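Student: Pasting my_file-v4.csv here (CSV, C-alpha atoms):
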```csv
chain,number,residue,atom,x,y,z
A,628,PHE,CA,42.4,28.2,38.6
A,629,LYS,CA,45.3,26.1,37.5
A,630,ARG,CA,47.5,29.1,37.3
A,631,LEU,CA,46.5,30.1,40.8
A,632,LEU,CA,47.3,26.6,42.1
A,633,VAL,CA,50.6,26.1,40.3
A,634,PRO,CA,52.3,29.3,38.9
A,635,CYS,CA,54.7,27.3,36.6
A,636,LEU,CA,52.7,24.5,35.1
A,637,PRO,CA,55.3,23.4,32.5
A,638,GLU,CA,57.6,22.4,35.3
A,639,THR,CA,55.0,20.3,37.0
A,640,GLY,CA,55.2,16.5,36.8
A,641,ALA,CA,52.5,14.4,35.2
A,642,SER,CA,50.9,13.1,38.4
A,643,GLN,CA,51.0,16.6,40.0
A,644,LEU,CA,49.5,18.1,36.9
A,645,ALA,CA,46.6,15.7,36.9
A,646,ALA,CA,46.0,16.5,40.6
A,647,VAL,CA,46.0,20.2,39.7
A,648,ASN,CA,43.6,19.6,36.9
A,649,PHE,CA,41.1,17.9,39.2
A,650,ALA,CA,41.6,20.5,42.0
A,651,ALA,CA,41.0,23.4,39.5
A,652,GLY,CA,37.9,21.6,38.2
A,653,ALA,CA,36.6,21.3,41.8
A,654,MET,CA,37.2,25.1,42.4
A,655,ALA,CA,35.4,25.9,39.2
A,656,GLY,CA,32.5,23.7,40.4
A,657,ALA,CA,32.4,25.4,43.8
A,658,VAL,CA,32.2,28.9,42.2
A,659,ALA,CA,29.5,27.8,39.8
A,660,LEU,CA,27.5,26.2,42.7
A,661,MET,CA,27.5,29.3,44.8
A,662,LEU,CA,26.6,31.5,41.9
A,663,PHE,CA,23.8,29.4,40.4
A,664,HIS,CA,22.4,27.4,43.3
A,665,PRO,CA,19.7,30.0,44.1
A,666,ILE,CA,18.3,29.6,40.6
A,667,ASP,CA,18.5,25.8,40.9
A,668,TYR,CA,16.7,26.1,44.2
A,669,ALA,CA,13.9,28.2,42.7
A,670,ARG,CA,13.6,25.8,39.8
A,671,GLY,CA,13.1,22.9,42.3
A,672,CYS,CA,10.5,24.9,44.2
A,673,LEU,CA,8.6,25.7,41.0
A,674,ALA,CA,8.7,22.1,39.8
A,675,SER,CA,7.4,20.9,43.2
A,676,GLN,CA,4.7,23.5,43.1
A,677,ALA,CA,3.6,22.4,39.7
A,678,ARG,CA,3.2,18.8,40.9
A,679,SER,CA,1.3,19.8,44.0
A,680,LYS,CA,-1.0,22.1,42.0
A,681,GLN,CA,-0.7,24.7,44.8
A,682,LYS,CA,0.6,28.1,43.7
A,683,PHE,CA,3.1,29.7,46.1
A,684,PHE,CA,5.4,31.5,43.7
A,685,GLY,CA,4.8,33.4,40.5
A,686,GLY,CA,8.2,32.7,39.0
A,687,VAL,CA,11.9,32.4,39.7
A,688,LEU,CA,12.4,36.0,40.9
A,689,ASP,CA,9.2,35.8,43.0
A,690,CYS,CA,10.4,32.6,44.6
A,691,LEU,CA,13.8,34.0,45.5
A,692,ARG,CA,12.3,37.2,46.8
A,693,LYS,CA,9.7,35.5,49.0
A,694,THR,CA,12.2,32.9,50.3
A,695,SER,CA,14.8,35.5,51.2
A,696,ALA,CA,12.2,37.7,52.9
A,697,GLY,CA,11.0,34.8,55.1
A,698,PRO,CA,12.3,33.8,58.5
A,699,GLY,CA,15.4,32.1,57.1
A,700,GLY,CA,16.7,35.3,55.5
A,701,PHE,CA,18.9,35.6,52.5
A,702,PHE,CA,20.7,32.3,53.1
A,703,ALA,CA,17.4,30.4,52.9
A,704,ILE,CA,17.8,30.4,49.1
A,705,TYR,CA,20.8,28.2,49.7
A,706,GLN,CA,18.7,25.4,51.2
A,707,GLY,CA,19.8,22.1,49.8
A,708,VAL,CA,23.2,23.3,48.9
A,709,GLY,CA,24.7,20.3,50.7
A,710,ALA,CA,22.9,17.9,48.4
A,711,CYS,CA,24.5,19.7,45.4
A,712,VAL,CA,28.1,19.3,46.5
A,713,VAL,CA,28.8,16.0,44.8
A,714,PRO,CA,26.6,16.4,41.6
A,715,ARG,CA,27.9,20.0,41.1
A,716,ILE,CA,31.4,20.2,42.4
A,717,GLY,CA,32.2,16.6,41.9
A,718,PHE,CA,30.9,16.7,38.3
A,719,ARG,CA,33.0,19.8,37.4
A,720,CYS,CA,36.0,18.3,39.1
A,721,LEU,CA,35.8,15.0,37.1
A,722,LEU,CA,34.7,16.7,33.9
A,723,LEU,CA,37.3,19.4,33.7
A,724,GLY,CA,40.0,17.4,35.5
A,725,SER,CA,39.7,14.4,33.3
A,726,PHE,CA,39.3,16.4,30.1
A,727,ASP,CA,42.5,18.4,30.8
A,728,THR,CA,44.3,15.2,31.8
A,729,ILE,CA,43.2,13.2,28.7
A,730,SER,CA,43.9,16.2,26.5
A,731,GLY,CA,47.4,16.4,28.0
A,732,MET,CA,48.1,12.9,26.9
A,733,ASN,CA,46.7,13.5,23.4
A,734,PRO,CA,49.6,13.7,20.8
A,735,ARG,CA,47.3,15.5,18.4
A,736,LYS,CA,46.1,18.2,20.9
A,737,HIS,CA,47.9,21.0,19.0
A,738,ASP,CA,46.8,19.8,15.6
A,739,MET,CA,44.4,22.2,14.0
A,740,GLY,CA,43.4,19.6,11.4
A,741,ILE,CA,40.8,16.9,11.3
A,742,ALA,CA,42.9,14.6,13.5
A,743,GLY,CA,43.2,17.2,16.2
A,744,LEU,CA,39.5,18.2,16.0
A,745,GLY,CA,38.4,14.5,16.2
A,746,SER,CA,40.7,13.6,19.1
A,747,THR,CA,39.7,16.7,21.1
A,748,LEU,CA,36.0,15.9,20.6
A,749,ALA,CA,36.6,12.3,21.7
A,750,ALA,CA,38.4,13.5,24.8
A,751,ALA,CA,35.5,15.8,25.6
A,752,GLN,CA,33.0,13.0,25.2
A,753,LEU,CA,35.0,10.5,27.2
A,754,ALA,CA,35.3,13.1,30.1
A,755,MET,CA,31.6,13.7,29.9
A,756,VAL,CA,30.7,10.0,30.2
A,757,LEU,CA,33.1,9.5,33.1
A,758,ALA,CA,31.8,12.6,35.0
A,759,ILE,CA,28.1,12.0,34.5
A,760,THR,CA,28.3,8.2,35.2
A,761,ALA,CA,30.2,8.8,38.5
A,762,THR,CA,28.0,11.5,39.9
A,763,TYR,CA,24.6,10.7,38.5
A,764,PRO,CA,23.3,8.9,41.6
A,765,TRP,CA,23.9,12.1,43.6
A,766,GLU,CA,22.1,14.1,40.9
A,767,THR,CA,19.1,11.8,41.5
A,768,VAL,CA,19.4,12.5,45.2
A,769,ARG,CA,19.6,16.2,44.6
A,770,SER,CA,16.5,16.0,42.4
A,771,ARG,CA,14.5,14.1,45.0
A,772,LEU,CA,15.5,16.4,47.8
A,773,HIS,CA,14.5,19.5,45.7
A,774,GLU,CA,11.1,18.0,45.1
A,775,GLU,CA,10.4,18.2,48.9
A,776,LEU,CA,11.6,21.8,49.4
A,777,THR,CA,8.1,23.3,49.5
A,778,LYS,CA,6.8,20.6,52.0
A,779,PRO,CA,6.8,21.1,55.7
A,780,PRO,CA,9.7,19.3,57.5
A,781,GLN,CA,7.4,16.8,59.1
A,782,GLU,CA,6.0,15.7,55.7
A,783,ARG,CA,9.4,15.2,54.1
A,784,ARG,CA,10.3,11.6,53.3
A,785,TYR,CA,14.1,12.0,53.4
A,786,ARG,CA,16.2,13.4,56.3
A,787,GLY,CA,19.2,14.3,54.1
A,788,SER,CA,21.4,13.2,51.2
A,789,VAL,CA,22.7,10.0,52.7
A,790,ASP,CA,19.3,9.0,53.9
A,791,CYS,CA,17.8,9.6,50.5
A,792,PHE,CA,20.6,7.7,48.7
A,793,ARG,CA,20.1,4.7,51.0
A,794,LYS,CA,16.3,4.6,50.6
A,795,VAL,CA,16.3,5.0,46.9
A,796,ALA,CA,19.0,2.3,46.5
A,797,ALA,CA,17.2,-0.1,48.8
A,798,GLU,CA,13.6,0.5,47.5
A,799,GLU,CA,14.2,1.1,43.8
A,800,GLY,CA,17.6,-0.3,43.1
A,801,LEU,CA,20.6,1.1,41.2
A,802,ALA,CA,19.3,0.9,37.6
A,803,ALA,CA,15.7,1.8,38.2
A,804,GLY,CA,16.4,4.2,41.0
A,805,LEU,CA,19.7,6.0,41.3
A,806,TYR,CA,20.6,5.6,37.6
A,807,ARG,CA,17.2,6.2,36.2
A,808,GLY,CA,17.4,8.5,33.2
A,809,LEU,CA,21.2,8.1,32.8
A,810,VAL,CA,21.1,7.1,29.1
A,811,VAL,CA,18.9,10.0,28.1
A,812,ASN,CA,21.2,12.4,30.1
A,813,LEU,CA,24.3,10.9,28.4
A,814,ALA,CA,22.8,11.2,25.0
A,815,PHE,CA,21.9,14.9,25.6
A,816,SER,CA,25.3,15.7,27.2
A,817,LEU,CA,27.4,14.0,24.5
A,818,THR,CA,25.8,16.1,21.8
A,819,GLY,CA,25.5,19.3,23.8
A,820,GLY,CA,27.8,19.5,26.8
A,821,ALA,CA,30.7,17.8,25.1
A,822,LEU,CA,30.5,20.2,22.2
A,823,VAL,CA,30.6,23.2,24.5
A,824,LEU,CA,33.8,21.8,26.1
A,825,PHE,CA,35.2,21.0,22.6
A,826,PHE,CA,34.6,24.5,21.2
A,827,TYR,CA,35.9,26.1,24.4
A,828,ASP,CA,39.2,24.2,24.1
A,829,ARG,CA,39.5,25.0,20.4
A,830,ALA,CA,38.8,28.7,20.9
A,831,LYS,CA,41.4,28.8,23.7
A,832,MET,CA,44.0,27.1,21.5
A,833,TYR,CA,43.2,29.5,18.6
A,834,LEU,CA,43.6,32.6,20.8
A,835,ARG,CA,46.9,31.3,22.2
A,836,LEU,CA,48.2,30.5,18.7
A,837,ARG,CA,47.2,34.0,17.5
A,838,ALA,CA,48.9,35.7,20.5
A,839,SER,CA,52.0,33.6,19.9
A,840,ARG,CA,52.2,34.6,16.2
A,841,ARG,CA,51.6,38.2,17.1
A,842,ASN,CA,54.5,38.1,19.6
A,843,GLU,CA,56.8,36.6,16.9
A,844,CYS,CA,56.0,39.2,14.3
A,845,PRO,CA,58.1,42.4,14.7
A,846,ALA,CA,55.8,44.4,12.5
A,847,CYS,CA,52.7,43.4,14.6
A,848,GLN,CA,54.6,44.5,17.8
A,849,GLY,CA,55.4,47.8,16.3
```
Show this structure as structure tokens.
Tutor:
Amino acid sequence: FKRLLVPCLPETGASQLAAVNFAAGAMAGAVALMLFHPIDYARGCLASQARSKQKFFGGVLDCLRKTSAGPGGFFAIYQGVGACVVPRIGFRCLLLGSFDTISGMNPRKHDMGIAGLGSTLAAAQLAMVLAITATYPWETVRSRLHEELTKPPQERRYRGSVDCFRKVAAEEGLAAGLYRGLVVNLAFSLTGGALVLFFYDRAKMYLRLRASRRNECPACQG
């Protein structure tokens, strides 16, 4: 996505490059949201069904099939997509944008030794903490709204994302409401999500280095 936004990244200034990093992250989040929201929607319906002890769907595929065959048509499986904009697109924007920006300022980013590995992992963890902490309240909102997907509209407690955010903050507070479960989420993400980002960056660097060496070797080109 960065190459699509700016064809010649090496000639881009630091502030412009940071803006490109965040914009590319947002684009990646938007694509991921449109591809995987139906599965997220089905998961929310099944979780709500388990709590209500009323069986409507036999699984993810059955949920998607019955929902798309209903009066709402195919786009019914994209219910609640608005509530996912901030926790999905915003998260990817902050995660990938901040990671690329922090990595760009890392003097050891091209080091294949311990120092390079450690600094890249630290950058991935810092980016993960920033992204999760900033968007977690909206992840709570998304979760609350998905819990009500199987309820009739007249029985739903929240009228939308903003209404849900306001009610949870007013009734339960920030720590016990909007940020409930943040520490557990961070602990899981720092050991799982940050490692995925770290290995992806290292693999990308290794492939670039290998391609560069192949181009510099006349025998390899022949």
Student: Give me, as a list in words, all polymer residues having an atom no more than 8 Å from segment 668-677 of chain A, counting all atoms listed in the file and skipping those fewer than 3 positions away in the same chain.
Tutor: His664, Pro665, Lys680, Gln681, Lys682, Phe683, Phe684, Gly686, Val687, Cys690, Leu691, Ile704, Tyr705, Gln706, Gly707, Ser770, His773, Glu774, Glu775, Leu776 and Thr777 of chain A
Student: Of the candidates A:Leu834, A:Cys711, A:Ala750, A:Leu723, which one gets nearest to Ser788 of chain A if we count only C-alpha atoms?
Tutor: A:Cys711
Student: Please measure the separation of atom CA of Ala653 of chain A and atom CA of Gly819 of chain A, giving the value in Å to one decimal.
Tutor: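 Straight-line distance from atom CA of Ala653 of chain A to atom CA of Gly819 of chain A works out to 21.2 Å.
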Student: Find the residues near Leu753 of chain A: any atom within 12 Å, counting all atoms listed in the file, skip ones fewer than 2 places away on the same chain, and give them as a ChimeraX atom specification.
Tutor: /A:721-730,746-751,755-760,813,816-817,820-822,824-825
Student: Name the closest residue to Phe718 of chain A among the candidates A:Val811, A:Gly685, A:Pro764, A:Lys693; distances are taken between atoms, counting only C-alpha atoms.
Tutor: A:Pro764
Student: Tell me, in Å to one decimal, how far atom CA of Gly745 of chain A is from atom CA of Val810 of chain A.
Tutor: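 Between atom CA of Gly745 of chain A and atom CA of Val810 of chain A the gap is 22.8 Å.
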Student: Identify which of the residues A:Arg719, A:Val789, A:Arg829, A:Asp667 lies closest to Met739 of chain A, counting only C-alpha atoms when measuring atom-to-atom distances.
Tutor: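 Using only C-alpha atoms, Met739 of chain A sits closest to A:Arg829.
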Student: Would you mind telling me which residue in A:Phe792, A:Thr694, A:Met832, A:Phe815 lies nearest to Thr767 of chain A when using all atoms listed in the file?
Tutor: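 Of all the options, A:Phe792 lies closest to Thr767 of chain A.
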Student: Given the choices A:Ala710, A:Ala742, A:Val768, A:Ala703, which gets closest to Ala796 of chain A if the distance is worked out from all atoms listed in the file?
Tutor: A:Val768
Student: Generate the coordinates of N, CA, C and O atoms for segment 763-785 of chain A; report them as a PDB file, in the frame of the given file.
Tutor:
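For reference, result_29.pdb as written:
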```pdb
ATOM      1  N   TYR A 763      26.034  10.680  38.735  1.00  0.00           N
ATOM      2  CA  TYR A 763      24.600  10.700  38.500  1.00  0.00           C
ATOM      3  C   TYR A 763      23.738  10.232  39.645  1.00  0.00           C
ATOM      4  O   TYR A 763      22.650  10.794  39.851  1.00  0.00           O
ATOM      5  N   PRO A 764      24.149   9.220  40.433  1.00  0.00           N
ATOM      6  CA  PRO A 764      23.300   8.900  41.600  1.00  0.00           C
ATOM      7  C   PRO A 764      23.067  10.039  42.531  1.00  0.00           C
ATOM      8  O   PRO A 764      21.963  10.196  43.075  1.00  0.00           O
ATOM      9  N   TRP A 765      24.051  10.902  42.699  1.00  0.00           N
ATOM     10  CA  TRP A 765      23.900  12.100  43.600  1.00  0.00           C
ATOM     11  C   TRP A 765      23.060  13.150  42.909  1.00  0.00           C
ATOM     12  O   TRP A 765      22.445  13.973  43.586  1.00  0.00           O
ATOM     13  N   GLU A 766      23.032  13.160  41.581  1.00  0.00           N
ATOM     14  CA  GLU A 766      22.100  14.100  40.900  1.00  0.00           C
ATOM     15  C   GLU A 766      20.680  13.639  41.105  1.00  0.00           C
ATOM     16  O   GLU A 766      19.788  14.476  41.267  1.00  0.00           O
ATOM     17  N   THR A 767      20.454  12.315  41.154  1.00  0.00           N
ATOM     18  CA  THR A 767      19.100  11.800  41.500  1.00  0.00           C
ATOM     19  C   THR A 767      18.729  12.189  42.884  1.00  0.00           C
ATOM     20  O   THR A 767      17.588  12.594  43.143  1.00  0.00           O
ATOM     21  N   VAL A 768      19.675  12.073  43.818  1.00  0.00           N
ATOM     22  CA  VAL A 768      19.400  12.500  45.200  1.00  0.00           C
ATOM     23  C   VAL A 768      19.087  13.945  45.293  1.00  0.00           C
ATOM     24  O   VAL A 768      18.139  14.348  45.981  1.00  0.00           O
ATOM     25  N   ARG A 769      19.852  14.766  44.597  1.00  0.00           N
ATOM     26  CA  ARG A 769      19.600  16.200  44.600  1.00  0.00           C
ATOM     27  C   ARG A 769      18.193  16.506  44.080  1.00  0.00           C
ATOM     28  O   ARG A 769      17.459  17.323  44.646  1.00  0.00           O
ATOM     29  N   SER A 770      17.808  15.832  43.002  1.00  0.00           N
ATOM     30  CA  SER A 770      16.500  16.000  42.400  1.00  0.00           C
ATOM     31  C   SER A 770      15.378  15.640  43.394  1.00  0.00           C
ATOM     32  O   SER A 770      14.380  16.360  43.541  1.00  0.00           O
ATOM     33  N   ARG A 771      15.544  14.512  44.075  1.00  0.00           N
ATOM     34  CA  ARG A 771      14.500  14.100  45.000  1.00  0.00           C
ATOM     35  C   ARG A 771      14.391  15.021  46.198  1.00  0.00           C
ATOM     36  O   ARG A 771      13.274  15.317  46.646  1.00  0.00           O
ATOM     37  N   LEU A 772      15.502  15.512  46.687  1.00  0.00           N
ATOM     38  CA  LEU A 772      15.500  16.400  47.800  1.00  0.00           C
ATOM     39  C   LEU A 772      14.838  17.769  47.416  1.00  0.00           C
ATOM     40  O   LEU A 772      14.109  18.388  48.207  1.00  0.00           O
ATOM     41  N   HIS A 773      15.110  18.218  46.207  1.00  0.00           N
ATOM     42  CA  HIS A 773      14.500  19.500  45.700  1.00  0.00           C
ATOM     43  C   HIS A 773      13.029  19.384  45.553  1.00  0.00           C
ATOM     44  O   HIS A 773      12.322  20.388  45.667  1.00  0.00           O
ATOM     45  N   GLU A 774      12.542  18.182  45.270  1.00  0.00           N
ATOM     46  CA  GLU A 774      11.100  18.000  45.100  1.00  0.00           C
ATOM     47  C   GLU A 774      10.355  18.226  46.433  1.00  0.00           C
ATOM     48  O   GLU A 774       9.155  18.499  46.427  1.00  0.00           O
ATOM     49  N   GLU A 775      11.080  18.121  47.546  1.00  0.00           N
ATOM     50  CA  GLU A 775      10.400  18.200  48.900  1.00  0.00           C
ATOM     51  C   GLU A 775      10.659  19.599  49.517  1.00  0.00           C
ATOM     52  O   GLU A 775      10.293  19.791  50.678  1.00  0.00           O
ATOM     53  N   LEU A 776      11.260  20.530  48.794  1.00  0.00           N
ATOM     54  CA  LEU A 776      11.600  21.800  49.400  1.00  0.00           C
ATOM     55  C   LEU A 776      10.377  22.591  49.874  1.00  0.00           C
ATOM     56  O   LEU A 776      10.442  23.308  50.876  1.00  0.00           O
ATOM     57  N   THR A 777       9.277  22.485  49.160  1.00  0.00           N
ATOM     58  CA  THR A 777       8.100  23.300  49.500  1.00  0.00           C
ATOM     59  C   THR A 777       7.231  22.545  50.577  1.00  0.00           C
ATOM     60  O   THR A 777       6.234  23.118  51.021  1.00  0.00           O
ATOM     61  N   LYS A 778       7.609  21.340  50.963  1.00  0.00           N
ATOM     62  CA  LYS A 778       6.800  20.600  52.000  1.00  0.00           C
ATOM     63  C   LYS A 778       7.292  20.973  53.370  1.00  0.00           C
ATOM     64  O   LYS A 778       8.460  21.302  53.584  1.00  0.00           O
ATOM     65  N   PRO A 779       6.402  20.924  54.340  1.00  0.00           N
ATOM     66  CA  PRO A 779       6.800  21.100  55.700  1.00  0.00           C
ATOM     67  C   PRO A 779       7.799  20.043  56.153  1.00  0.00           C
ATOM     68  O   PRO A 779       7.728  18.913  55.639  1.00  0.00           O
ATOM     69  N   PRO A 780       8.720  20.329  57.063  1.00  0.00           N
ATOM     70  CA  PRO A 780       9.700  19.300  57.500  1.00  0.00           C
ATOM     71  C   PRO A 780       9.129  17.996  57.914  1.00  0.00           C
ATOM     72  O   PRO A 780       9.691  16.941  57.636  1.00  0.00           O
ATOM     73  N   GLN A 781       7.979  18.033  58.600  1.00  0.00           N
ATOM     74  CA  GLN A 781       7.400  16.800  59.100  1.00  0.00           C
ATOM     75  C   GLN A 781       6.803  15.922  57.995  1.00  0.00           C
ATOM     76  O   GLN A 781       6.545  14.732  58.212  1.00  0.00           O
ATOM     77  N   GLU A 782       6.577  16.489  56.812  1.00  0.00           N
ATOM     78  CA  GLU A 782       6.000  15.700  55.700  1.00  0.00           C
ATOM     79  C   GLU A 782       7.084  15.230  54.725  1.00  0.00           C
ATOM     80  O   GLU A 782       6.758  14.515  53.772  1.00  0.00           O
ATOM     81  N   ARG A 783       8.312  15.578  54.962  1.00  0.00           N
ATOM     82  CA  ARG A 783       9.400  15.200  54.100  1.00  0.00           C
ATOM     83  C   ARG A 783       9.782  13.724  54.294  1.00  0.00           C
ATOM     84  O   ARG A 783       9.888  13.275  55.429  1.00  0.00           O
ATOM     85  N   ARG A 784      10.023  13.023  53.219  1.00  0.00           N
ATOM     86  CA  ARG A 784      10.300  11.600  53.300  1.00  0.00           C
ATOM     87  C   ARG A 784      11.802  11.351  53.648  1.00  0.00           C
ATOM     88  O   ARG A 784      12.133  10.365  54.292  1.00  0.00           O
ATOM     89  N   TYR A 785      12.682  12.248  53.195  1.00  0.00           N
ATOM     90  CA  TYR A 785      14.100  12.000  53.400  1.00  0.00           C
ATOM     91  C   TYR A 785      14.673  13.021  54.409  1.00  0.00           C
ATOM     92  O   TYR A 785      14.311  14.195  54.420  1.00  0.00           O
TER      93      TYR A 785
END
```
